[in-house]
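J.: My structure is below; once you've seen it, I'll send some questions.
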Amino acid sequence: MKILTCPLNGPRPVSEFFYWGEVRPMPDPAAASDDEWADYVFNRNGAPGVKREWWCHTPSNTWFIAERDTEKDLVLKTYFYPGEE
Amino acid sequence: MRLPASSGEWIDRSKPVEFSFEGRTFKGYAGDTVSSALWGADVRVLGRSFKYHRPRGVLSLANHDTNALHQWGDQPNVRADVTPLVAGMTLTAVNTFGGLADDKGRFLGKMARFLPVGFYYKAFHTRKLFPMWERMFRTMTGLGSVDLASAQHTTPKAYDFCDVLVIGAGPSGLSAALAAAAQGADVVVVDENAHAGGSATYQIGNDTSRRRLLAELLAKVAADACIRVVTATYAAGYYKDHWIPLVSADRMLKMRAGSVVVASGAFEQPAVFRNNDLPGIMLASAAQRLMYRYGVKPVSKAVVLVANADGYRAALDLLAQGVSVAAVVDLRPAAGSAEPQAKLLRQAGIEILPGSCIVEALPGADGLCAGARIATLQADGSPSAQIRDIACDGILLSVGWAPAANLLYQAGTRMRFDRAVEQFVPEALPDGVFACGRVNGVHELERRLADGTRAGSHAAASVGFGRASGAALPPEAECPSHPWPIVDHPDGKNFVDFDEDLQFKDFRNAVQEGFDNIELLKRFSTNGMGPSQGKHSNMNGLRILARLTGKEPQQVGTTTARPFYHPVPMAILAGRGFNPERRTPLASRHDALGARWMPAGAWQRPEFYQVAGKERLACIREEVAAVRKGVGLIDVGTLGKLEVIGPQAAEFLERVYTSNYANLKVGMTRYAVMCDESGVVIDDGVVARLAEDHFYFTTTTSGAATVYRELSRLNTLWRLDCGIVNHTGAFAAMNLAGPKSREVLATLTGLDLSAAAFPYLALREGEVAVSGGKIPARLMRVGFVGEWGYEIHVPASMGGALWDALMTAGKAHAIRPFGVEAQRLLRLEKGHIIIGQDTDGLTTPLEVGMGWAVKMTKPFFIGQRSLAAIAKKPHKQQLAGITFPVGYSGAVPLECNLVIDGGDIAGRVTSIAFSPSLERYIGLAFLRPDLAAIGTTVSIRLTDGAMVQAEVSATPFYDPDNLKQKEAA
Amino acid sequence: MPWRLLRFALNKKHPEPRMFTHHEKLKSSYDVVIIGAGGHGLAAAYYLARDHGITNVCVLEKGYIGGGNTGRNTTIIRSNYLTPEGVKFYDESVKLWQDLSTEFDLNLFYANRGHFTLAHTDSALRTMRWRAEVNKHYGINSEVVGPEVVKEAAPMIDLSCAGHSPILGALYHAPGSVARHDAVAWGYGRGADQRGVEIHQQTEVLGIDVQGGKVKGVKTSRGYIATNKVLCAVAGSTPRILKMVDVKTPLYIHPLQAMVSEPVKPWLDPILVSGSLHVYISQSARGELVMGASLDPYELHGTRSTLDFVEGLSTHMLEMFPFLSKVKVMRQWAGMADMTPDFAPIMGMTPVEGFYLDSGWGTWGFKATPVCGKTMSHTLVNDTPHPLITGFSLDRFRNFALTGEKGAASVGH
């Protein structure tokens, strides 16, 4: 089983984690047109690549960010949101 | 026939084991496998082949003799070649009709001309007749049988860790283990055989120095405290991050290794010639295994077909064990490095025929191997017309090897075809994965030891033990595998895949039909798709395809190797099932009261309480009546119970729920609806304000975990100055409801329960008296069931005491516990929806009459922007109340029966029940908006197709003015 | 023994021509380029040629025919969907399926076994009734049945599921069937090939030439092709192609795994799906038990297998069928499922003129193979969506007009 490193609890088997999806910045709801809003709500960057993703270590309810190559299933790093700006 | 006892054999001749096969009783020894015991008892036909039902004997004795599959009681497809013999075993061959000897399926061999590769795609498909043919196919093709009466077999699972896992306890694996341990690593060596030693236990070549070498190696390993050797256990697969299931007869151990050394060796490969499947024809390694492990004489008189030095050593082993060798046939022009062995053989008077091949094995009258037809090879590699027959009862094949690289492939190793050894070898290994020995293209014994030492050192170093030493070895001096151990024959029956009875011509024909790449060929011909998964057929299949398409093996490539390495019983994979169920602290009370349980998410909840002698519906109606007329008590402890605390707690709730909470007064509660980003309702509950910066709120039972998790994420994202605490399991909660609820509660608390002091929707914190003292409680006047009532939350440990106190205090008013079913009806009378029943995956709050709870004017909530867009479009449907007339005696729709208008679907019933209070059937239904006006008659189609009419009606059906929450004037 | 097999015995040479012509070179232009030689792409090519006479068509495949999800799925065919658009669409597919073997003169092993979706909770049972009612409305044979009917069809099932998820009933769908998945691709491929369509295997699409919002050509690993129409039918690889044309969709990729046992004698006729246990099973003509479960929990563009999957699936299987304890699992594998938020496909036109999409097949695409070919070829030819697929258009997301299929699809096979 794959191992994922929780920034709080260290390396743990992936079965302890919940995957949410890619970090997607929300556009300003007041400024966005209906089309832009629908794009934000539904559309996804489905292509493979290195993505910033929300993951949660469920036993400790710890949310964090993983940078993961979604083709190789390789986690490059994990850190607490928002990370270094 | 058994050989005289020899040192190192795996059987214990002092322990005879009796068993039966095909109705006859046999005797073997402890340590035998089924096949070795049968072969030792001179049984030559161990099973029938898959397609043509040809008799088959021993082929590999290495877990891919998939024609010797037996039924053992409730166990189908027992692999005779590797299954340890057990006293009292009763075995039958699986693929026969009427027994192994008189198998009625034999005629299929005669039909072979009608049944070319993929024949079943080319006929049998008229629509009318196919079902009949399919039944026939299914009966023909299944191997063993499952015993439908047999019970579940549960096995434990184990977990372990090690620094270096070595897969394969042959010479290279043992060397690797020693090297890794010497650098300080904790090493586990796993091997599928009953004993360690690998090929060194049987590839002796009548050379005592080889035996000594193995003994020394094993002694060193045994003496090393850092090495654990696990035998009779196979690595079933390789999974990400060195997670390896080690499977033995009765359990799976999941090993997390720091690094992995794959020393899994190689599968000896058959030569392809006509009748190469006759019983008595086997891999040389199988014959050596029979002799040295099980003391069984493989054949009496052998022809040995060789293309490497291993074959000459095998011939010497045969001689040493008293098997007469009729001839050694070498596919190569000369013996090469095996010249010393060849010399010994010649000295023993054995004829060696270089540059020759076997074109055909000759069956005797009994169908067993009776001779070999030999021809010299011409310059172009084809056999000459001149043939010579040599009588023998067995042919031993030693023409080459295929790496047991399944785990390497699964780990993501890039392999390349190395013509120097005529096999695939690792080209780029993944991090932490190492290979040595035959799987790495290293065959000669001394070199395997060196390769193992290198790999072990590197594996230990990769996890921080010592320094990596040793470099890759120079290429093998002599190729261990023949590039074309295949002889075509006009009459066929030259088998490439023994599982599937595939002959050379099947490949040619498949390629002719366009299935000319390795994956298509596999799928069309089924090469490698049988139980052995290509262990003895993939390599020759690849060679044939390469030749037919004029490509190099490297260009042809291999099919994807997937788990499992060997098949794994489902019981071993399943282990002991774990199905956790949550119960509230009141569960024992419910049981005592006769609760009938129902699942609710991860929880079990009382559906209703069984009263002796009464029907389910009567019980539920009595519970309803108690709440409406007196008082009832329901356990609502399964609701999610969360707190949000901090200066921005109100802001947080403003963002996650659709309604306003900033203006909620301390001590008050408000209904709360949660949407997702697309504006779909996903949860609801009640928010209570305990203090300016402190809220307590509930979620649905099934939503609790996901809502808490998502709110935690949002809080991480927004970084508001507040924190969320999940109290779901920490609090017990019950709802005391009914006109008498206040009187009951008043006897237990000093709180002022007057409507003025504790109004509808208020929250109060106070104490409630229970047996033995007072407990702190949160009380909320909520009205989900439509009566005066109190939802009381207390620490979980005190829940039982509170329940008891309320039940005791309620006795005077005939209090009844009520379950989920009664609550469903009570809330329906009030027109309250249940998320998930009266909503679905696309329902917005606007469609279910919750517009009042959706504050589009506040700055932001999740789903708001989407709802703004959706609000501009016409609704597709509207949830509305429906009623049937009082006294209606016709058939009543069920939930999810459809509303039909003008022949089209115009909605569906989401909730429906008989309301005793209103004395009529009431329900909720999604309706097309033009049908949703109150007073409209809608038609509902019953399950049987009949139509009934209902009237769209206002909700709440019961107490529409909410008078029940007001003090009687 | 059918007479048709006689010719094999009477001929010295194997009397079968190539199913797929080998083409040395790509032409410089085609009327239509189809990306993906899976069932869907080949079916579209087949119907383009057969029904519309368009044969200057090229099917590009980076691997081999039927090597993607066509060859990885668990071959269940049914039409018991929840939404009217879904029911009508899949019903048309089932009707096409039934005659395909005859049409192709190739045995697809289309076996009508009946399909049970088991309900273990009363809310699941409600959803089953909803599906049954919608199905019946459109003339499809589905009904809610009690546990006793399940027991009759599979007498050895443990209706209590080891005591913790009792089967309360099921949605029974008599037309439910299985078929030999590879042969479907071969049949469509051969039929298209015979009509002049070119199938190019081992040919990868590297880019799509879009000028002024219109498709002009396709760059491949074997050179450039000019064309005005491209159909993308590549399931799990769709987002890679979409990137080339800069079309945004909700598609996301999760692996879907399955496993198969060693062959055993037939004991299970129907297809059984348990929504609550998230597992399904059928027995193939070869006697293998073909078993699957729900999607992997996170995005991945790969087909690696996991141990957790086979462990969990085996656990649930034994809860229903404890006597399978000693049956051995032979092989596990995975495919890449292109998922949508509403569990319905995305089909038809896109903002790029001449670029057509047949995607969003998630875990349910195999059964749609024939109807996809039919409707997509119609859409390509007429440049307007076939009436059966208007509900599956990409712009439904922009319009917040999703289909409601998700409600029924806890296990969407």
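Here's how to read the names in the structure tokens: chain A, B, ... by the order shown, residue numbers from 1 in each chain, ligand numbers from 1 in the order shown.
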Compute the chain B side of the contact with chain C at 7 Å, counting only C-alpha atoms, and hand it back as a PyMOL selection string.
T.: chain B and resi 75-76+113-114+116+120-126+131+134+137-139+141-153+239+509+512-514+531+562-564+567-571+573-574+577+840-842+870+895-898
J.: Deliver the residues from the most recent selection as a file, using C-alpha atoms, as an mmCIF file, in the first residue's frame.
T.:
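See again_29.cif below for the written result:
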data_model
loop_
_atom_site.group_PDB
_atom_site.id
_atom_site.type_symbol
_atom_site.label_atom_id
_atom_site.label_comp_id
_atom_site.auth_asym_id
_atom_site.auth_seq_id
_atom_site.Cartn_x
_atom_site.Cartn_y
_atom_site.Cartn_z
ATOM 1 C CA GLN B 75 -11.442 -27.096 -2.682
ATOM 2 C CA PRO B 76 -11.395 -26.680 -6.461
ATOM 3 C CA ARG B 113 -9.226 -29.939 -36.876
ATOM 4 C CA PHE B 114 -12.665 -28.379 -36.420
ATOM 5 C CA PRO B 116 -8.861 -23.863 -34.709
ATOM 6 C CA TYR B 120 -15.791 -20.197 -30.709
ATOM 7 C CA TYR B 121 -15.870 -16.724 -32.255
ATOM 8 C CA LYS B 122 -16.726 -18.202 -35.602
ATOM 9 C CA ALA B 123 -19.853 -20.183 -34.885
ATOM 10 C CA PHE B 124 -22.525 -20.872 -32.279
ATOM 11 C CA HIS B 125 -23.867 -17.328 -32.455
ATOM 12 C CA THR B 126 -27.298 -17.568 -34.001
ATOM 13 C CA PRO B 131 -27.997 -19.871 -25.083
ATOM 14 C CA GLU B 134 -23.270 -21.152 -23.998
ATOM 15 C CA PHE B 137 -19.369 -24.113 -23.159
ATOM 16 C CA ARG B 138 -19.790 -23.205 -19.542
ATOM 17 C CA THR B 139 -20.050 -26.833 -18.546
ATOM 18 C CA THR B 141 -14.740 -24.938 -19.557
ATOM 19 C CA GLY B 142 -15.087 -24.594 -15.815
ATOM 20 C CA LEU B 143 -12.350 -26.532 -14.050
ATOM 21 C CA GLY B 144 -13.090 -27.528 -10.453
ATOM 22 C CA SER B 145 -16.382 -27.111 -8.637
ATOM 23 C CA VAL B 146 -17.346 -24.962 -5.734
ATOM 24 C CA ASP B 147 -19.248 -26.679 -2.963
ATOM 25 C CA LEU B 148 -22.193 -24.391 -2.409
ATOM 26 C CA ALA B 149 -22.732 -25.839 1.046
ATOM 27 C CA SER B 150 -19.268 -25.187 2.367
ATOM 28 C CA ALA B 151 -18.884 -22.642 5.114
ATOM 29 C CA GLN B 152 -16.786 -19.522 5.122
ATOM 30 C CA HIS B 153 -13.193 -20.152 5.928
ATOM 31 C CA TYR B 239 2.459 -3.137 -4.490
ATOM 32 C CA ASN B 509 -3.368 -18.658 -37.706
ATOM 33 C CA GLN B 512 -2.772 -14.510 -40.150
ATOM 34 C CA GLU B 513 -6.068 -13.122 -38.883
ATOM 35 C CA GLY B 514 -4.377 -9.883 -37.859
ATOM 36 C CA PRO B 531 -4.242 -20.581 -14.497
ATOM 37 C CA ARG B 562 -0.298 -8.311 -13.127
ATOM 38 C CA PRO B 563 -0.815 -9.723 -9.673
ATOM 39 C CA PHE B 564 -0.969 -12.448 -8.658
ATOM 40 C CA PRO B 567 -3.384 -17.386 -7.475
ATOM 41 C CA VAL B 568 -4.544 -16.561 -3.956
ATOM 42 C CA PRO B 569 -7.639 -18.051 -2.285
ATOM 43 C CA MET B 570 -10.335 -15.511 -1.552
ATOM 44 C CA ALA B 571 -10.422 -16.488 2.116
ATOM 45 C CA LEU B 573 -7.407 -12.160 0.763
ATOM 46 C CA ALA B 574 -10.540 -11.489 2.765
ATOM 47 C CA GLY B 577 -14.095 -9.237 7.726
ATOM 48 C CA ASP B 840 -31.690 13.720 -4.415
ATOM 49 C CA GLY B 841 -28.266 14.425 -5.819
ATOM 50 C CA LEU B 842 -29.444 17.444 -7.820
ATOM 51 C CA ILE B 870 -30.046 28.667 -11.160
ATOM 52 C CA GLU B 895 -42.470 5.976 -2.372
ATOM 53 C CA CYS B 896 -40.879 6.541 -5.802
ATOM 54 C CA ASN B 897 -44.008 5.736 -7.762
ATOM 55 C CA LEU B 898 -44.201 8.196 -10.634
#
J.: Please list as JSON, numbers by chain every residue within 9 Å of Ala477 (chain B), counting only C-alpha atoms and excluding residues in the same chain fewer than 5 positions away.
T.: {"B": [337, 420, 444]}
J.: Next, dump the selected residues to file, keeping only N, CA and C atoms, as a short mmCIF file (atom, residue, chain, number, x, y, z; two decimals), in the first residue's frame.
T.:
data_model
loop_
_atom_site.label_atom_id
_atom_site.label_comp_id
_atom_site.auth_asym_id
_atom_site.auth_seq_id
_atom_site.Cartn_x
_atom_site.Cartn_y
_atom_site.Cartn_z
N SER B 337 30.40 -25.32 -22.84
CA SER B 337 31.00 -25.37 -21.50
C SER B 337 30.70 -26.69 -20.80
N ALA B 420 22.24 -12.09 -25.36
CA ALA B 420 23.33 -12.89 -24.80
C ALA B 420 22.79 -14.01 -23.94
N GLU B 444 25.09 -18.96 -14.19
CA GLU B 444 26.13 -19.88 -13.73
C GLU B 444 26.22 -19.77 -12.20
#
J.: Env of Ala192 (chain C): 10 Å cut, atoms = only C-alpha atoms, seq-sep filter 6 positions within chain, self excluded. Answer as a compact mmCIF listing (two decimals) with N, CA and C atoms, in the first residue's frame.
T.:
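The resulting around29.txt:
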# COMPACT_ATOMS: atom_id res chain seq x y z
N MET C 19 -8.30 -9.79 -40.17
CA MET C 19 -9.45 -9.01 -39.72
C MET C 19 -9.20 -7.53 -39.94
N PHE C 20 -7.97 -7.13 -39.80
CA PHE C 20 -7.65 -5.70 -39.89
C PHE C 20 -6.51 -5.53 -40.89
N LEU C 42 -14.25 2.46 -32.82
CA LEU C 42 -14.44 1.56 -33.95
C LEU C 42 -15.92 1.47 -34.33
N ALA C 43 -16.79 1.55 -33.33
CA ALA C 43 -18.23 1.52 -33.64
C ALA C 43 -18.61 2.76 -34.43
N ALA C 44 -18.07 3.91 -34.03
CA ALA C 44 -18.37 5.13 -34.77
C ALA C 44 -17.87 5.01 -36.21
N ALA C 45 -16.67 4.45 -36.38
CA ALA C 45 -16.13 4.27 -37.72
C ALA C 45 -17.02 3.33 -38.53
N TYR C 46 -17.44 2.27 -37.89
CA TYR C 46 -18.29 1.26 -38.55
C TYR C 46 -19.59 1.89 -39.06
N TYR C 47 -20.28 2.64 -38.17
CA TYR C 47 -21.56 3.20 -38.59
C TYR C 47 -21.38 4.37 -39.56
N LEU C 48 -20.27 5.08 -39.45
CA LEU C 48 -19.98 6.13 -40.45
C LEU C 48 -19.95 5.50 -41.84
N ALA C 49 -19.26 4.36 -41.91
CA ALA C 49 -19.10 3.70 -43.20
C ALA C 49 -20.39 3.01 -43.62
N ARG C 50 -21.01 2.29 -42.70
CA ARG C 50 -22.16 1.46 -43.07
C ARG C 50 -23.43 2.30 -43.29
N THR C 55 -16.30 6.64 -45.81
CA THR C 55 -15.30 5.60 -45.60
C THR C 55 -13.87 6.14 -45.60
N VAL C 57 -12.02 7.38 -43.65
CA VAL C 57 -11.96 7.56 -42.20
C VAL C 57 -10.73 6.84 -41.69
N CYS C 58 -10.08 7.45 -40.72
CA CYS C 58 -8.90 6.84 -40.13
C CYS C 58 -9.09 6.76 -38.62
N VAL C 59 -8.82 5.60 -38.06
CA VAL C 59 -8.89 5.42 -36.62
C VAL C 59 -7.46 5.31 -36.09
N TRP C 186 -13.15 -6.16 -32.02
CA TRP C 186 -12.71 -6.83 -33.25
C TRP C 186 -13.83 -6.81 -34.30
N GLU C 198 -9.55 2.95 -42.36
CA GLU C 198 -8.18 2.55 -42.01
C GLU C 198 -7.99 2.59 -40.49
N ILE C 199 -7.49 1.50 -39.96
CA ILE C 199 -7.18 1.46 -38.53
C ILE C 199 -5.66 1.47 -38.40
J.: For each of A:Gly83, A:Ile65, A:Pro29, A:Arg44, take the minimum atom-to-atom distance to chain B, counting only C-alpha atoms, then give the residue where this is smallest.
T.: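 Among the listed residues, A:Pro29 lies closest to chain B.
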J.: Can you check which parts of chain A lie within 7 Å of chain C? Per residue, the shortest pair of atoms and distance in Å to one decimal, counting only C-alpha atoms, sorted by chain and number, as a tab-separated table.
T.:
residue	atom	partner	partner_atom	distance
A:Met1	CA	C:Thr306	CA	6.8
A:Tyr19	CA	C:Tyr298	CA	5.9
A:Asp35	CA	C:Arg398	CA	5.9
A:Ala38	CA	C:Arg398	CA	5.3
A:Asp39	CA	C:Arg398	CA	6.9
A:Phe42	CA	C:Pro250	CA	5.2
A:Asn43	CA	C:Pro250	CA	3.8
A:Arg44	CA	C:Pro250	CA	4.9
A:Gly46	CA	C:Tyr252	CA	4.8
A:Ala47	CA	C:Pro239	CA	4.6
A:Pro48	CA	C:His301	CA	6.2
A:Thr70	CA	C:Leu300	CA	5.0
A:Glu71	CA	C:His301	CA	4.6
A:Asp73	CA	C:Leu300	CA	6.5
J.: Counting only C-alpha atoms, which residues from chain A have an atom at most 12 Å from any atom of chain B, and could you show them as a PyMOL selection string?
T.: chain A and resi 1-4+11-14+17-21+23-43+53-65+72-75+80-83
J.: Save out the residues we just selected, C-alpha atoms, as a PDB file, in the first residue's frame.
T.:
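Wrote it out as result.pdb, contents follow:
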ATOM      1  CA  MET A   1       0.000   0.000   0.000  1.00  0.00           C
ATOM      2  CA  LYS A   2       1.133   3.437  -0.829  1.00  0.00           C
ATOM      3  CA  ILE A   3       2.562   5.604   1.896  1.00  0.00           C
ATOM      4  CA  LEU A   4       1.694   9.254   2.260  1.00  0.00           C
ATOM      5  CA  PRO A  11       4.374   8.570   6.920  1.00  0.00           C
ATOM      6  CA  ARG A  12       1.120   6.634   7.075  1.00  0.00           C
ATOM      7  CA  PRO A  13      -0.608   4.164   4.707  1.00  0.00           C
ATOM      8  CA  VAL A  14      -2.801   5.868   2.142  1.00  0.00           C
ATOM      9  CA  PHE A  17      -6.209   9.489   4.087  1.00  0.00           C
ATOM     10  CA  PHE A  18      -9.107  11.141   2.349  1.00  0.00           C
ATOM     11  CA  TYR A  19      -8.539  12.720  -1.042  1.00  0.00           C
ATOM     12  CA  TRP A  20     -10.493  15.870  -1.818  1.00  0.00           C
ATOM     13  CA  GLY A  21      -9.105  17.066  -5.115  1.00  0.00           C
ATOM     14  CA  VAL A  23      -6.672  23.105  -4.946  1.00  0.00           C
ATOM     15  CA  ARG A  24      -8.829  25.429  -7.030  1.00  0.00           C
ATOM     16  CA  PRO A  25      -8.846  29.127  -6.263  1.00  0.00           C
ATOM     17  CA  MET A  26     -12.385  30.462  -6.143  1.00  0.00           C
ATOM     18  CA  PRO A  27     -13.133  33.455  -8.350  1.00  0.00           C
ATOM     19  CA  ASP A  28     -14.881  36.425  -6.756  1.00  0.00           C
ATOM     20  CA  PRO A  29     -18.530  35.332  -6.825  1.00  0.00           C
ATOM     21  CA  ALA A  30     -19.692  38.913  -7.188  1.00  0.00           C
ATOM     22  CA  ALA A  31     -17.467  39.623 -10.169  1.00  0.00           C
ATOM     23  CA  ALA A  32     -17.720  36.290 -11.959  1.00  0.00           C
ATOM     24  CA  SER A  33     -20.222  35.826 -14.770  1.00  0.00           C
ATOM     25  CA  ASP A  34     -22.514  32.795 -14.667  1.00  0.00           C
ATOM     26  CA  ASP A  35     -20.267  31.084 -17.202  1.00  0.00           C
ATOM     27  CA  GLU A  36     -17.127  31.804 -15.244  1.00  0.00           C
ATOM     28  CA  TRP A  37     -18.797  30.566 -12.104  1.00  0.00           C
ATOM     29  CA  ALA A  38     -19.996  27.347 -13.767  1.00  0.00           C
ATOM     30  CA  ASP A  39     -16.481  26.829 -15.059  1.00  0.00           C
ATOM     31  CA  TYR A  40     -15.171  27.081 -11.500  1.00  0.00           C
ATOM     32  CA  VAL A  41     -17.845  24.812 -10.027  1.00  0.00           C
ATOM     33  CA  PHE A  42     -17.750  22.013 -12.586  1.00  0.00           C
ATOM     34  CA  ASN A  43     -14.699  22.060 -14.796  1.00  0.00           C
ATOM     35  CA  GLU A  53      -4.198  18.609  -3.826  1.00  0.00           C
ATOM     36  CA  TRP A  54      -6.137  18.685  -0.609  1.00  0.00           C
ATOM     37  CA  TRP A  55      -5.691  15.549   1.488  1.00  0.00           C
ATOM     38  CA  CYS A  56      -6.925  14.791   4.991  1.00  0.00           C
ATOM     39  CA  HIS A  57      -5.393  12.384   7.473  1.00  0.00           C
ATOM     40  CA  THR A  58      -8.753  11.154   8.735  1.00  0.00           C
ATOM     41  CA  PRO A  59      -7.853   9.632  12.130  1.00  0.00           C
ATOM     42  CA  SER A  60      -6.440  12.988  13.201  1.00  0.00           C
ATOM     43  CA  ASN A  61      -8.604  15.142  10.911  1.00  0.00           C
ATOM     44  CA  THR A  62      -5.515  16.893   9.590  1.00  0.00           C
ATOM     45  CA  TRP A  63      -5.894  18.707   6.294  1.00  0.00           C
ATOM     46  CA  PHE A  64      -2.826  19.437   4.256  1.00  0.00           C
ATOM     47  CA  ILE A  65      -1.573  19.939   0.734  1.00  0.00           C
ATOM     48  CA  LYS A  72       3.343   8.379 -11.612  1.00  0.00           C
ATOM     49  CA  ASP A  73       1.433   8.574  -8.314  1.00  0.00           C
ATOM     50  CA  LEU A  74       4.520  10.139  -6.825  1.00  0.00           C
ATOM     51  CA  VAL A  75       4.095  12.578  -3.949  1.00  0.00           C
ATOM     52  CA  PHE A  80       0.179  22.555   5.686  1.00  0.00           C
ATOM     53  CA  TYR A  81      -1.978  24.986   3.765  1.00  0.00           C
ATOM     54  CA  PRO A  82      -1.136  27.468   2.404  1.00  0.00           C
ATOM     55  CA  GLY A  83       2.550  26.551   2.419  1.00  0.00           C
TER      56      GLY A  83
END
J.: Using only C-alpha atoms, determine which residues lie at most 12 Å from Met807 (chain B), disregarding the query and same-chain residues fewer than 6 positions distant; provide the list as a PyMOL selection string.
T.: chain B and resi 589-590+593+631-634+734-736+741+744-745+747-748+770-771+800-801+813-818
J.: In region 267-468 of chain B, what's helix (DSSP H, G or I) per DSSP? Answer as a tab-separated table (two decimals) with C-alpha atoms, in the first residue's frame?
T.:
chain	number	residue	atom	x	y	z
B	284	ALA	CA	14.60	-31.58	-16.62
B	285	SER	CA	14.24	-29.53	-13.47
B	286	ALA	CA	11.00	-31.36	-12.71
B	287	ALA	CA	12.79	-34.69	-12.99
B	288	GLN	CA	15.57	-33.42	-10.72
B	289	ARG	CA	13.01	-32.21	-8.21
B	290	LEU	CA	11.33	-35.61	-8.23
B	291	MET	CA	14.62	-37.36	-7.58
B	292	TYR	CA	16.31	-35.15	-5.03
B	293	ARG	CA	13.34	-33.78	-3.11
B	294	TYR	CA	10.92	-36.66	-3.19
B	309	ALA	CA	24.91	-27.06	-19.54
B	310	ASP	CA	22.02	-27.54	-17.11
B	311	GLY	CA	20.78	-30.32	-19.35
B	312	TYR	CA	24.05	-32.24	-19.24
B	313	ARG	CA	24.08	-31.96	-15.47
B	314	ALA	CA	20.53	-33.24	-15.40
B	315	ALA	CA	21.61	-36.25	-17.48
B	316	LEU	CA	24.38	-36.95	-14.97
B	317	ASP	CA	21.85	-36.70	-12.17
B	318	LEU	CA	19.65	-39.24	-13.91
B	319	LEU	CA	22.55	-41.63	-14.26
B	320	ALA	CA	23.51	-41.16	-10.65
B	336	GLY	CA	30.19	-25.93	-25.14
B	337	SER	CA	31.00	-25.37	-21.50
B	338	ALA	CA	29.36	-28.69	-20.67
B	339	GLU	CA	32.06	-30.61	-22.51
B	340	PRO	CA	33.42	-32.09	-19.25
B	341	GLN	CA	29.94	-33.39	-18.40
B	342	ALA	CA	29.47	-34.59	-21.95
B	343	LYS	CA	32.69	-36.50	-21.64
B	344	LEU	CA	31.50	-38.19	-18.48
B	345	LEU	CA	28.29	-39.15	-20.23
B	346	ARG	CA	30.11	-40.55	-23.21
B	347	GLN	CA	32.32	-42.51	-20.87
B	406	ASN	CA	6.40	-10.89	-12.55
B	407	LEU	CA	7.18	-8.96	-9.39
B	408	LEU	CA	9.78	-6.86	-11.17
B	409	TYR	CA	7.24	-5.91	-13.81
B	410	GLN	CA	4.63	-5.11	-11.18
B	437	GLY	CA	20.44	-14.43	-10.10
B	438	ARG	CA	18.56	-15.97	-12.98
B	439	VAL	CA	15.86	-13.31	-13.02
B	440	ASN	CA	18.70	-10.88	-13.58
B	445	LEU	CA	26.18	-20.93	-10.07
B	446	GLU	CA	29.30	-19.09	-8.86
B	447	ARG	CA	28.13	-15.98	-10.64
B	448	ARG	CA	24.70	-16.20	-9.04
B	449	LEU	CA	26.36	-16.17	-5.64
B	450	ALA	CA	28.35	-13.07	-6.56
B	451	ASP	CA	25.30	-11.38	-8.04
B	452	GLY	CA	23.35	-12.07	-4.88
B	453	THR	CA	26.09	-10.59	-2.72
B	454	ARG	CA	26.08	-7.46	-4.86
B	455	ALA	CA	22.29	-7.06	-4.78
B	456	GLY	CA	22.11	-7.69	-1.03
B	457	SER	CA	24.76	-5.10	-0.35
B	458	HIS	CA	23.04	-2.51	-2.53
B	459	ALA	CA	19.64	-3.26	-1.01
B	460	ALA	CA	20.96	-2.82	2.53
B	461	ALA	CA	22.78	0.37	1.59
B	462	SER	CA	19.62	1.78	0.02
J.: Find the distance between CA of Gly36 (chain C) and CA of Pro387 (chain C) and write it in Å to one decimal.
T.: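 We find that CA of Gly36 (chain C) and CA of Pro387 (chain C) lie 23.9 Å from each other.
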J.: List as a list in words the protein and nucleic acid residues near Leu931 (chain B), meaning an atom at most 9 Å away when only C-alpha atoms are counted, but skip any in the same chain fewer than 5 places from it.
T.: Gln878, Asp901, Ala906, Thr936, Thr937, Val938 and Val952 of chain B
